[in-house]
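One structure below.
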Amino acid sequence: MTPSIEARQLTRRFGTFTALDHLNLHVEGAKCVGFLGPNGAGKTTTLKMFTDLIFPTSGETFINDISVQKNRKAALAMCGNLIETPEIYGSLTPREAFEMVGGLRGMNAAEIRSRTEIVLGEVKMEEWTDQKIGRFSKGMKQRINIAASLLSDPEVVMLDEPSTGLDPRGMAEVRDIVRGLKKGRRLIFMSSHILSEVVDVCDEVALVNRGQLLFYDTLSNVEKRLSSGTTSIDLSFTGPVSDDTIGSRITSLPGIVGVSRVDAQRLTAMVAGGPQVQAQLLEQLVTAHIGLVSFQPSRSALEEVYLQEISKGDS
Amino acid sequence: MTMPTVSTAPDGSVPPSLGRLPGTLTQALLLSRYQFRDYLRARRFILMMAIVAFIGAILSYVLYYFNGAGLNSDADSFYGTLWAGGVTVVIIFSGIIFGGDAIAGEFQYKTGYFLMGLPVRRASVYVGKFLAAFAASVVAVLVYLLILVANGSRYLGVANAFPVSLFESFAIALLYMLALLGAVFMFSSMFKNSLYAVLVVAVLFLFGFTLIEDLIAGLVKIEPWFIITYAQNVISYPFLATLPPHVATVTVGRGGSITTYSPTYPEGFAVMGGYFLLTAVGGLALFEREEFT
């Protein structure tokens, strides 16, 4: 069975505030999908309704075509999830906690033992198998939570901002773990507001704002969307760049629609066109021999599209 | 044991991870095992044992100081005085300590986000936690019983330290424990903050119900049969040679009267059982509707 999740006309109101407004989203297949949006966009609300932690005002969520609202137990049987940095009883060890989780999921003792070793290895926590979870740091707890969500080797994994609250090293480790999950036949649905994280680990992205889905597409298609738009590119030079040089040798290059100075050696160029136009521009800047040392988009393609779409929605 | 849950997708297939899910009761029992383990390792268990030890120590000292305090002639007088009064206090404290935050804590400490993301019904979580709190409370009561029996063996002799009435009273105390835990769990389900749940339960069971009972009986002059602390008086009945009259009126002063009420056995059992059923069902219904916002 191909793993899938679906939100159908999903609506949630908190008093007069509409957190989600008839959201429709269908994700199918083994892939990693980033669920993006600014704070308060409705990401966590959506994930909580996928895991039955909160209830829809109207609409329904499905995991592998089974309604979460009508049969939470059956729907969640195929889903590992990590919502809002949960806590495990502090007096239990990871081994005991996983025995409980495995037992609740119907795994036998041998399966639990072998999977515990595997998943604790995946999150690099095998040395802490018999230590009490209450003594763990936040990052260690998060890794244990991720491991717990993978214990039954589920087809669908839902992660709600898994690297939130972690230090840079912890964030990098969590990204490595999520990247590792993609090797399986899993559907990973991960909410985040860290765009670089999504670019780093996801194949597809769904953008939500003000409770509505703005788009759901592959990352490569998101980049194509930019080909007709304007991209901001940071340029650095070996020495100061004169106004003459800017006027005569840079602004006149094809694709450039504007240049602004950051400081003596750095400029920001606004470039109309996609990757091909940018490649030609880079070539011409190099052959102009004006001391170019760095040519870097100010923002990733996803970031550009994100900001464009969010600002469209806000206006 | 309930049968495993098997659900099918619209195409009729049964996902492999689904066909083997344990039933609701099996999951509840499994959860209770780990919750009970958590209780045994937690500071609250040490606190509860300290409370029981403190009560037991005071009783033991008083008995020692007064050389049996005049209770060493008869097992029923001995346990009727020492057991029936103390066990309700132990039950109330254990209910507060083990049940007060049982459900509220799932929201407050975010452990619920871990449990409720698993393929379990909320009823399994509720029942599992209830069973664990009940088991931990039974341990506390057994320790108290052990202290009293040790004293009973000293003052009454080992042969007289285990009267049938003590076991009968113990069984009734367990019914009271069920009723109290039912109420505690219901209040715990009402609040997402364990402090509120613990406070409400402590105030109600330590003072509130008793005060209401006295006011109803004394001022309104009707039997407070619906108050659980009134019903729990039957815990002491196995030690009595004759049961107290259901209603007794004593004339005082110039034509005044005081009416006292005592529950009958059926009344006590029915009220405690009723409290248990109503609060357990009510608490579960509340928990089913609570959201992890």
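Residue names in the structure tokens use chain letters A, B, ... in the order shown, residue numbers from 1 in each chain, and ligand numbers from 1 in the order shown.
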
Write out as an NGL selection string every residue belonging to chain A that has an atom at most 10 Å from any atom of chain B, counting only C-alpha atoms.
:A and (1 or 44-45 or 48 or 50-55 or 63-67 or 71-92 or 96-97 or 99-108 or 145 or 148-149 or 152-155)

File dump, residues just selected, C-alpha atoms, as a PDB file, in the first residue's frame:
ATOM      1  CA  MET A   1       0.000   0.000   0.000  1.00  0.00           C
ATOM      2  CA  THR A  44       0.741  22.508  14.196  1.00  0.00           C
ATOM      3  CA  THR A  45      -3.059  22.699  14.231  1.00  0.00           C
ATOM      4  CA  LYS A  48      -2.629  17.817  15.718  1.00  0.00           C
ATOM      5  CA  PHE A  50      -3.844  14.334  11.855  1.00  0.00           C
ATOM      6  CA  THR A  51      -2.968  12.757  15.204  1.00  0.00           C
ATOM      7  CA  ASP A  52      -6.339  13.374  16.902  1.00  0.00           C
ATOM      8  CA  LEU A  53      -4.861  15.608  19.599  1.00  0.00           C
ATOM      9  CA  ILE A  54      -7.445  18.231  18.657  1.00  0.00           C
ATOM     10  CA  PHE A  55     -10.678  17.887  16.734  1.00  0.00           C
ATOM     11  CA  ILE A  63      -3.843   8.371   7.113  1.00  0.00           C
ATOM     12  CA  ASN A  64      -3.588   5.641   4.491  1.00  0.00           C
ATOM     13  CA  ASP A  65      -7.243   6.310   3.651  1.00  0.00           C
ATOM     14  CA  ILE A  66      -8.413   5.641   7.219  1.00  0.00           C
ATOM     15  CA  SER A  67     -10.222   8.486   8.941  1.00  0.00           C
ATOM     16  CA  ASN A  71     -10.962   5.400  13.845  1.00  0.00           C
ATOM     17  CA  ARG A  72      -7.953   7.001  15.509  1.00  0.00           C
ATOM     18  CA  LYS A  73      -6.517   3.701  16.639  1.00  0.00           C
ATOM     19  CA  ALA A  74      -6.463   2.161  13.181  1.00  0.00           C
ATOM     20  CA  ALA A  75      -5.277   5.339  11.485  1.00  0.00           C
ATOM     21  CA  LEU A  76      -2.425   5.951  13.926  1.00  0.00           C
ATOM     22  CA  ALA A  77      -1.312   2.325  13.790  1.00  0.00           C
ATOM     23  CA  MET A  78       0.588   3.138  10.626  1.00  0.00           C
ATOM     24  CA  CYS A  79       1.872   6.500  11.765  1.00  0.00           C
ATOM     25  CA  GLY A  80       4.766   7.544  13.945  1.00  0.00           C
ATOM     26  CA  ASN A  81       4.581  11.114  15.069  1.00  0.00           C
ATOM     27  CA  LEU A  82       6.300  13.772  17.082  1.00  0.00           C
ATOM     28  CA  ILE A  83       4.104  16.718  17.981  1.00  0.00           C
ATOM     29  CA  GLU A  84       5.216  19.616  20.175  1.00  0.00           C
ATOM     30  CA  THR A  85       8.220  18.058  21.942  1.00  0.00           C
ATOM     31  CA  PRO A  86       6.325  15.556  24.073  1.00  0.00           C
ATOM     32  CA  GLU A  87       7.594  14.238  27.393  1.00  0.00           C
ATOM     33  CA  ILE A  88       7.998  10.590  28.314  1.00  0.00           C
ATOM     34  CA  TYR A  89       7.595   9.529  31.957  1.00  0.00           C
ATOM     35  CA  GLY A  90      10.898  10.623  33.427  1.00  0.00           C
ATOM     36  CA  SER A  91      11.413   7.594  35.641  1.00  0.00           C
ATOM     37  CA  LEU A  92      11.371   5.223  32.666  1.00  0.00           C
ATOM     38  CA  GLU A  96      11.200   0.592  29.154  1.00  0.00           C
ATOM     39  CA  ALA A  97       9.467   3.386  27.255  1.00  0.00           C
ATOM     40  CA  GLU A  99       8.709  -1.710  25.551  1.00  0.00           C
ATOM     41  CA  MET A 100       5.552   0.204  26.401  1.00  0.00           C
ATOM     42  CA  VAL A 101       5.251   1.801  22.958  1.00  0.00           C
ATOM     43  CA  GLY A 102       6.013  -1.495  21.212  1.00  0.00           C
ATOM     44  CA  GLY A 103       3.514  -3.343  23.379  1.00  0.00           C
ATOM     45  CA  LEU A 104       0.813  -0.790  22.622  1.00  0.00           C
ATOM     46  CA  ARG A 105       1.602  -1.163  18.933  1.00  0.00           C
ATOM     47  CA  GLY A 106       1.296  -4.944  19.155  1.00  0.00           C
ATOM     48  CA  MET A 107       4.960  -5.744  18.595  1.00  0.00           C
ATOM     49  CA  ASN A 108       6.341  -8.891  20.226  1.00  0.00           C
ATOM     50  CA  ASN A 145      11.031  10.967  20.838  1.00  0.00           C
ATOM     51  CA  ALA A 148      10.013   6.230  19.605  1.00  0.00           C
ATOM     52  CA  SER A 149       8.089   7.466  16.594  1.00  0.00           C
ATOM     53  CA  SER A 152       7.293   0.222  14.657  1.00  0.00           C
ATOM     54  CA  ASP A 153       8.896   1.207  11.343  1.00  0.00           C
ATOM     55  CA  PRO A 154       5.768   3.152  10.341  1.00  0.00           C
ATOM     56  CA  GLU A 155       4.878   3.997   6.764  1.00  0.00           C
TER      57      GLU A 155
END

Show me, as a PyMOL selection string, the residues that have an atom within 10 Å of A:Val198 when counting only C-alpha atoms, minus same-chain residues fewer than 3 positions from it.
chain A and resi 32-36+175+190-195+201-205+219+302

Show me a table, sorted first by chain and then by increasing residue number, of the residues of stretch 89-123 of chain B having an atom at most 12 Å from stretch 226-234 of chain B, each with its shortest atom pair and the distance in Å to one decimal, counting only C-alpha atoms and written as JSON lines.
{"residue": "B:Val89", "atom": "CA", "partner": "B:Thr229", "partner_atom": "CA", "distance": 11.1}
{"residue": "B:Ile91", "atom": "CA", "partner": "B:Gln232", "partner_atom": "CA", "distance": 11.2}
{"residue": "B:Ile92", "atom": "CA", "partner": "B:Thr229", "partner_atom": "CA", "distance": 10.5}
